[in-house]
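Note: the block below is input_33.pdb and it holds PDB, C-alpha atoms.
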ATOM      1  CA  MET A   1     -59.878 -25.234 -64.351  1.00  0.00           C
ATOM      2  CA  ALA A   2     -56.994 -24.742 -66.755  1.00  0.00           C
ATOM      3  CA  VAL A   3     -53.445 -25.357 -65.668  1.00  0.00           C
ATOM      4  CA  ILE A   4     -51.135 -22.421 -66.290  1.00  0.00           C
ATOM      5  CA  PRO A   5     -47.948 -23.517 -68.139  1.00  0.00           C
ATOM      6  CA  TYR A   6     -45.585 -22.221 -65.462  1.00  0.00           C
ATOM      7  CA  GLN A   7     -47.384 -24.384 -62.889  1.00  0.00           C
ATOM      8  CA  ARG A   8     -46.378 -27.480 -64.860  1.00  0.00           C
ATOM      9  CA  LEU A   9     -42.827 -26.189 -65.099  1.00  0.00           C
ATOM     10  CA  ALA A  10     -42.748 -25.476 -61.369  1.00  0.00           C
ATOM     11  CA  ALA A  11     -44.027 -28.975 -60.570  1.00  0.00           C
ATOM     12  CA  LEU A  12     -41.432 -30.526 -62.880  1.00  0.00           C
ATOM     13  CA  ALA A  13     -38.632 -28.443 -61.387  1.00  0.00           C
ATOM     14  CA  GLN A  14     -39.725 -29.398 -57.888  1.00  0.00           C
ATOM     15  CA  ALA A  15     -39.826 -33.095 -58.785  1.00  0.00           C
ATOM     16  CA  VAL A  16     -36.349 -32.950 -60.322  1.00  0.00           C
ATOM     17  CA  LEU A  17     -34.601 -30.614 -57.874  1.00  0.00           C
ATOM     18  CA  ARG A  18     -35.973 -31.942 -54.592  1.00  0.00           C
ATOM     19  CA  PRO A  19     -33.906 -35.180 -54.642  1.00  0.00           C
ATOM     20  CA  LEU A  20     -30.790 -33.259 -55.715  1.00  0.00           C
ATOM     21  CA  LEU A  21     -30.945 -30.652 -52.974  1.00  0.00           C
ATOM     22  CA  PRO A  22     -29.297 -32.754 -50.213  1.00  0.00           C
ATOM     23  CA  VAL A  23     -26.480 -33.748 -52.557  1.00  0.00           C
ATOM     24  CA  VAL A  24     -25.824 -30.152 -53.556  1.00  0.00           C
ATOM     25  CA  LEU A  25     -25.847 -29.038 -49.917  1.00  0.00           C
ATOM     26  CA  VAL A  26     -23.389 -31.761 -48.891  1.00  0.00           C
ATOM     27  CA  ILE A  27     -21.008 -30.914 -51.741  1.00  0.00           C
ATOM     28  CA  ALA A  28     -21.179 -27.199 -50.950  1.00  0.00           C
ATOM     29  CA  GLY A  29     -20.644 -27.827 -47.236  1.00  0.00           C
ATOM     30  CA  LEU A  30     -17.647 -30.072 -47.803  1.00  0.00           C
ATOM     31  CA  GLY A  31     -16.160 -27.594 -50.241  1.00  0.00           C
ATOM     32  CA  LEU A  32     -16.532 -24.741 -47.781  1.00  0.00           C
ATOM     33  CA  LEU A  33     -15.105 -26.866 -44.970  1.00  0.00           C
ATOM     34  CA  SER A  34     -12.052 -27.782 -47.037  1.00  0.00           C
ATOM     35  CA  TYR A  35     -11.558 -24.166 -48.087  1.00  0.00           C
ATOM     36  CA  GLY A  36     -11.749 -22.985 -44.483  1.00  0.00           C
ATOM     37  CA  LEU A  37      -9.247 -25.603 -43.393  1.00  0.00           C
ATOM     38  CA  TRP A  38      -6.978 -24.605 -46.278  1.00  0.00           C
ATOM     39  CA  MET A  39      -7.138 -20.971 -45.151  1.00  0.00           C
ATOM     40  CA  ALA A  40      -5.961 -22.023 -41.681  1.00  0.00           C
ATOM     41  CA  TRP A  41      -3.122 -24.197 -43.014  1.00  0.00           C
ATOM     42  CA  PRO A  42      -2.893 -25.281 -46.686  1.00  0.00           C
ATOM     43  CA  PRO A  43      -2.035 -28.978 -46.102  1.00  0.00           C
ATOM     44  CA  LEU A  44      -4.965 -29.216 -43.712  1.00  0.00           C
ATOM     45  CA  GLY A  45      -7.334 -28.387 -46.561  1.00  0.00           C
ATOM     46  CA  PHE A  46      -6.184 -31.449 -48.504  1.00  0.00           C
ATOM     47  CA  LEU A  47      -6.474 -33.638 -45.421  1.00  0.00           C
ATOM     48  CA  GLY A  48      -9.986 -32.343 -44.767  1.00  0.00           C
ATOM     49  CA  ALA A  49     -11.028 -32.938 -48.377  1.00  0.00           C
ATOM     50  CA  GLY A  50      -9.687 -36.497 -48.308  1.00  0.00           C
ATOM     51  CA  ALA A  51     -11.353 -37.274 -44.986  1.00  0.00           C
ATOM     52  CA  SER A  52     -14.617 -35.814 -46.290  1.00  0.00           C
ATOM     53  CA  CYS A  53     -14.481 -38.012 -49.388  1.00  0.00           C
ATOM     54  CA  LEU A  54     -13.890 -41.080 -47.230  1.00  0.00           C
ATOM     55  CA  CYS A  55     -16.792 -40.206 -44.930  1.00  0.00           C
ATOM     56  CA  VAL A  56     -19.166 -39.636 -47.835  1.00  0.00           C
ATOM     57  CA  GLU A  57     -18.139 -42.928 -49.443  1.00  0.00           C
ATOM     58  CA  MET A  58     -18.692 -44.775 -46.160  1.00  0.00           C
ATOM     59  CA  ALA A  59     -22.136 -43.208 -45.799  1.00  0.00           C
ATOM     60  CA  ILE A  60     -23.036 -44.155 -49.373  1.00  0.00           C
ATOM     61  CA  SER A  61     -21.794 -47.720 -48.977  1.00  0.00           C
ATOM     62  CA  ASP A  62     -23.886 -48.149 -45.823  1.00  0.00           C
ATOM     63  CA  ARG A  63     -27.015 -47.311 -47.809  1.00  0.00           C
ATOM     64  CA  ARG A  64     -26.332 -49.754 -50.664  1.00  0.00           C
ATOM     65  CA  PRO A  65     -28.085 -53.094 -50.397  1.00  0.00           C
ATOM     66  CA  LEU A  66     -25.848 -56.110 -50.177  1.00  0.00           C
ATOM     67  CA  THR A  67     -25.946 -58.177 -53.355  1.00  0.00           C
ATOM     68  CA  ARG A  68     -24.714 -61.738 -53.588  1.00  0.00           C
TER
END

As C-alpha coordinates - that is how I would like this structure written.
Amino acid sequence: MAVIPYQRLAALAQAVLRPLLPVVLVIAGLGLLSYGLWMAWPPLGFLGAGASCLCVEMAISDRRPLTR
(Lines of atoms letter the chains of each structure in order from A and count residues from 1; the text may use other names and numbers.)
(Lines give C-alpha, C1' and ligand atoms only; values in the text may rest on other atoms or scores of the structure.)
Protein backbone atom coordinates (compact mmCIF):
# COMPACT_ATOMS: atom_id res chain seq x y z
CA MET A 1 0.00 0.00 0.00
CA ALA A 2 1.45 3.33 -1.06
CA VAL A 3 1.71 6.19 1.37
CA ILE A 4 0.09 9.38 0.15
CA PRO A 5 2.48 12.38 0.47
CA TYR A 6 0.13 14.40 2.67
CA GLN A 7 0.02 11.51 5.15
CA ARG A 8 3.77 11.88 5.67
CA LEU A 9 3.35 15.62 6.07
CA ALA A 10 0.53 15.13 8.56
CA ALA A 11 2.61 12.67 10.59
CA LEU A 12 5.56 15.07 10.60
CA ALA A 13 3.38 18.00 11.62
CA GLN A 14 1.85 15.94 14.41
CA ALA A 15 5.28 14.87 15.68
CA VAL A 16 6.54 18.46 15.68
CA LEU A 17 3.44 20.29 16.92
CA ARG A 18 2.30 17.91 19.64
CA PRO A 19 5.12 18.81 22.09
CA LEU A 20 4.67 22.52 21.35
CA LEU A 21 0.94 22.62 21.99
CA PRO A 22 1.10 22.89 25.81
CA VAL A 23 3.67 25.68 25.57
CA VAL A 24 1.55 27.63 23.11
CA LEU A 25 -1.55 27.19 25.28
CA VAL A 26 0.26 28.38 28.41
CA ILE A 27 1.64 31.46 26.64
CA ALA A 28 -1.77 32.31 25.18
CA GLY A 29 -3.48 31.81 28.55
CA LEU A 30 -1.00 33.99 30.40
CA GLY A 31 -1.26 36.67 27.74
CA LEU A 32 -5.04 36.70 27.95
CA LEU A 33 -4.91 36.75 31.75
CA SER A 34 -2.55 39.73 31.76
CA TYR A 35 -4.67 41.55 29.19
CA GLY A 36 -7.82 40.98 31.24
CA LEU A 37 -6.12 42.23 34.38
CA TRP A 38 -4.86 45.26 32.45
CA MET A 39 -8.41 46.02 31.30
CA ALA A 40 -9.55 46.04 34.94
CA TRP A 41 -6.68 48.26 36.11
CA PRO A 42 -3.56 48.91 33.97
CA PRO A 43 -0.92 48.41 36.72
CA LEU A 44 -2.56 45.12 37.61
CA GLY A 45 -1.77 43.80 34.14
CA PHE A 46 1.95 44.31 34.72
CA LEU A 47 1.75 42.69 38.15
CA GLY A 48 -0.11 39.71 36.69
CA ALA A 49 2.43 39.33 33.88
CA GLY A 50 5.34 39.43 36.33
CA ALA A 51 3.71 36.94 38.68
CA SER A 52 2.95 34.66 35.73
CA CYS A 53 6.58 34.75 34.60
CA LEU A 54 7.73 33.87 38.10
CA CYS A 55 5.28 30.98 38.35
CA VAL A 56 6.31 29.58 34.97
CA GLU A 57 9.99 29.83 35.88
CA MET A 58 9.36 28.04 39.18
CA ALA A 59 7.48 25.27 37.38
CA ILE A 60 10.29 24.90 34.84
CA SER A 61 12.99 24.84 37.50
CA ASP A 62 11.14 22.10 39.39
CA ARG A 63 11.30 19.89 36.30
CA ARG A 64 15.04 20.36 35.68
CA PRO A 65 17.27 17.63 37.05
CA LEU A 66 19.77 18.70 39.64
CA THR A 67 23.32 18.63 38.30
CA ARG A 68 26.40 18.70 40.48

Might you pull out every residue within 12 Å of Val26 (chain A), with only C-alpha atoms counted and same-chain residues fewer than 5 positions away left off, and present them as an MDAnalysis selection string?
chainID A and resid 20:21 31:33 52:53 55:56 59

May I have the centre and edge lengths, in Å to one decimal, of an axis-aligned box around the listed atoms of region 46-50 of chain A with 5 Å added to every side, as AutoDock Vina command-line options?
--center_x -8.6 --center_y -34.0 --center_z -46.6 --size_x 14.8 --size_y 15.0 --size_z 13.7

Set the distance at 12 Å and use all atoms listed in the file: which residues neighbour Leu47 (chain A) once local chain neighbours fewer than 2 positions away are removed? I'd like the list as a ChimeraX atom specification.
/A:30,33-38,41-45,49-54

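For the atom pair formed by CA of Pro22 (chain A) and CA of Gln7 (chain A), the distance is 23.6 Å, given to one decimal.
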
Between CA of Arg63 (chain A) and CA of Ala15 (chain A), measure the distance and give it in Å to one decimal.
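For CA of Arg63 (chain A) relative to CA of Ala15 (chain A), the distance reads 22.1 Å.
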
Atomic distance CA of Arg8 (chain A) - CA of Val24 (chain A), expressed in Å with one decimal
23.6 Å

Start from the incomplete input, build all heavy atoms for region 53-64 of chain A, and deliver everything as a PDB file, in the coordinates of the input.
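The result, stored in part_17.pdb:
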ATOM      1  N   CYS A  53     -14.172 -37.036 -48.338  1.00  0.00           N
ATOM      2  CA  CYS A  53     -14.481 -38.012 -49.388  1.00  0.00           C
ATOM      3  C   CYS A  53     -14.639 -39.410 -48.805  1.00  0.00           C
ATOM      4  O   CYS A  53     -15.544 -40.155 -49.191  1.00  0.00           O
ATOM      5  CB  CYS A  53     -13.388 -38.012 -50.456  1.00  0.00           C
ATOM      6  SG  CYS A  53     -13.387 -36.545 -51.481  1.00  0.00           S
ATOM      7  N   LEU A  54     -13.769 -39.769 -47.866  1.00  0.00           N
ATOM      8  CA  LEU A  54     -13.890 -41.080 -47.230  1.00  0.00           C
ATOM      9  C   LEU A  54     -15.190 -41.208 -46.440  1.00  0.00           C
ATOM     10  O   LEU A  54     -15.867 -42.240 -46.485  1.00  0.00           O
ATOM     11  CB  LEU A  54     -12.693 -41.330 -46.309  1.00  0.00           C
ATOM     12  CG  LEU A  54     -11.367 -41.594 -47.003  1.00  0.00           C
ATOM     13  CD1 LEU A  54     -10.250 -41.683 -45.976  1.00  0.00           C
ATOM     14  CD2 LEU A  54     -11.448 -42.863 -47.815  1.00  0.00           C
ATOM     15  N   CYS A  55     -15.552 -40.170 -45.722  1.00  0.00           N
ATOM     16  CA  CYS A  55     -16.792 -40.206 -44.930  1.00  0.00           C
ATOM     17  C   CYS A  55     -18.020 -40.307 -45.818  1.00  0.00           C
ATOM     18  O   CYS A  55     -18.948 -41.057 -45.520  1.00  0.00           O
ATOM     19  CB  CYS A  55     -16.885 -38.969 -44.042  1.00  0.00           C
ATOM     20  SG  CYS A  55     -15.682 -38.950 -42.711  1.00  0.00           S
ATOM     21  N   VAL A  56     -18.022 -39.575 -46.914  1.00  0.00           N
ATOM     22  CA  VAL A  56     -19.166 -39.636 -47.835  1.00  0.00           C
ATOM     23  C   VAL A  56     -19.250 -41.017 -48.465  1.00  0.00           C
ATOM     24  O   VAL A  56     -20.333 -41.586 -48.580  1.00  0.00           O
ATOM     25  CB  VAL A  56     -19.054 -38.530 -48.912  1.00  0.00           C
ATOM     26  CG1 VAL A  56     -20.044 -38.749 -50.026  1.00  0.00           C
ATOM     27  CG2 VAL A  56     -19.265 -37.165 -48.284  1.00  0.00           C
ATOM     28  N   GLU A  57     -18.127 -41.594 -48.861  1.00  0.00           N
ATOM     29  CA  GLU A  57     -18.139 -42.928 -49.443  1.00  0.00           C
ATOM     30  C   GLU A  57     -18.625 -43.966 -48.439  1.00  0.00           C
ATOM     31  O   GLU A  57     -19.377 -44.879 -48.784  1.00  0.00           O
ATOM     32  CB  GLU A  57     -16.748 -43.303 -49.958  1.00  0.00           C
ATOM     33  CG  GLU A  57     -16.654 -44.699 -50.501  1.00  0.00           C
ATOM     34  CD  GLU A  57     -17.642 -44.994 -51.609  1.00  0.00           C
ATOM     35  OE1 GLU A  57     -17.956 -44.098 -52.395  1.00  0.00           O
ATOM     36  OE2 GLU A  57     -18.111 -46.146 -51.673  1.00  0.00           O
ATOM     37  N   MET A  58     -18.224 -43.841 -47.183  1.00  0.00           N
ATOM     38  CA  MET A  58     -18.692 -44.775 -46.160  1.00  0.00           C
ATOM     39  C   MET A  58     -20.193 -44.634 -45.948  1.00  0.00           C
ATOM     40  O   MET A  58     -20.895 -45.632 -45.787  1.00  0.00           O
ATOM     41  CB  MET A  58     -17.929 -44.548 -44.849  1.00  0.00           C
ATOM     42  CG  MET A  58     -16.505 -45.030 -44.924  1.00  0.00           C
ATOM     43  SD  MET A  58     -15.434 -44.632 -43.525  1.00  0.00           S
ATOM     44  CE  MET A  58     -16.453 -44.709 -42.119  1.00  0.00           C
ATOM     45  N   ALA A  59     -20.698 -43.422 -45.964  1.00  0.00           N
ATOM     46  CA  ALA A  59     -22.136 -43.208 -45.799  1.00  0.00           C
ATOM     47  C   ALA A  59     -22.913 -43.775 -46.982  1.00  0.00           C
ATOM     48  O   ALA A  59     -23.979 -44.368 -46.815  1.00  0.00           O
ATOM     49  CB  ALA A  59     -22.433 -41.724 -45.630  1.00  0.00           C
ATOM     50  N   ILE A  60     -22.365 -43.622 -48.185  1.00  0.00           N
ATOM     51  CA  ILE A  60     -23.036 -44.155 -49.373  1.00  0.00           C
ATOM     52  C   ILE A  60     -23.009 -45.675 -49.348  1.00  0.00           C
ATOM     53  O   ILE A  60     -24.012 -46.325 -49.663  1.00  0.00           O
ATOM     54  CB  ILE A  60     -22.376 -43.606 -50.653  1.00  0.00           C
ATOM     55  CG1 ILE A  60     -22.689 -42.125 -50.805  1.00  0.00           C
ATOM     56  CG2 ILE A  60     -22.838 -44.368 -51.890  1.00  0.00           C
ATOM     57  CD1 ILE A  60     -21.922 -41.448 -51.921  1.00  0.00           C
ATOM     58  N   SER A  61     -21.885 -46.263 -48.974  1.00  0.00           N
ATOM     59  CA  SER A  61     -21.794 -47.720 -48.977  1.00  0.00           C
ATOM     60  C   SER A  61     -22.687 -48.341 -47.907  1.00  0.00           C
ATOM     61  O   SER A  61     -23.130 -49.474 -48.065  1.00  0.00           O
ATOM     62  CB  SER A  61     -20.350 -48.171 -48.795  1.00  0.00           C
ATOM     63  OG  SER A  61     -19.884 -47.819 -47.513  1.00  0.00           O
ATOM     64  N   ASP A  62     -22.967 -47.637 -46.837  1.00  0.00           N
ATOM     65  CA  ASP A  62     -23.886 -48.149 -45.823  1.00  0.00           C
ATOM     66  C   ASP A  62     -25.317 -48.196 -46.332  1.00  0.00           C
ATOM     67  O   ASP A  62     -26.118 -48.997 -45.868  1.00  0.00           O
ATOM     68  CB  ASP A  62     -23.825 -47.290 -44.549  1.00  0.00           C
ATOM     69  CG  ASP A  62     -22.578 -47.545 -43.746  1.00  0.00           C
ATOM     70  OD1 ASP A  62     -21.916 -48.578 -43.996  1.00  0.00           O
ATOM     71  OD2 ASP A  62     -22.263 -46.719 -42.872  1.00  0.00           O
ATOM     72  N   ARG A  63     -25.664 -47.347 -47.284  1.00  0.00           N
ATOM     73  CA  ARG A  63     -27.015 -47.311 -47.809  1.00  0.00           C
ATOM     74  C   ARG A  63     -27.260 -48.317 -48.920  1.00  0.00           C
ATOM     75  O   ARG A  63     -28.375 -48.645 -49.229  1.00  0.00           O
ATOM     76  CB  ARG A  63     -27.346 -45.910 -48.356  1.00  0.00           C
ATOM     77  CG  ARG A  63     -27.433 -44.882 -47.283  1.00  0.00           C
ATOM     78  CD  ARG A  63     -27.852 -43.578 -47.870  1.00  0.00           C
ATOM     79  NE  ARG A  63     -27.979 -42.572 -46.841  1.00  0.00           N
ATOM     80  CZ  ARG A  63     -28.511 -41.398 -47.031  1.00  0.00           C
ATOM     81  NH1 ARG A  63     -28.936 -41.073 -48.222  1.00  0.00           N
ATOM     82  NH2 ARG A  63     -28.601 -40.535 -46.060  1.00  0.00           N
ATOM     83  N   ARG A  64     -26.189 -48.804 -49.561  1.00  0.00           N
ATOM     84  CA  ARG A  64     -26.332 -49.754 -50.664  1.00  0.00           C
ATOM     85  C   ARG A  64     -26.773 -51.112 -50.135  1.00  0.00           C
ATOM     86  O   ARG A  64     -26.254 -51.602 -49.136  1.00  0.00           O
ATOM     87  CB  ARG A  64     -25.011 -49.916 -51.400  1.00  0.00           C
ATOM     88  CG  ARG A  64     -24.603 -48.730 -52.191  1.00  0.00           C
ATOM     89  CD  ARG A  64     -23.363 -49.018 -52.993  1.00  0.00           C
ATOM     90  NE  ARG A  64     -22.817 -47.784 -53.521  1.00  0.00           N
ATOM     91  CZ  ARG A  64     -21.544 -47.543 -53.684  1.00  0.00           C
ATOM     92  NH1 ARG A  64     -20.657 -48.456 -53.378  1.00  0.00           N
ATOM     93  NH2 ARG A  64     -21.135 -46.396 -54.165  1.00  0.00           N
TER      94      ARG A  64
END
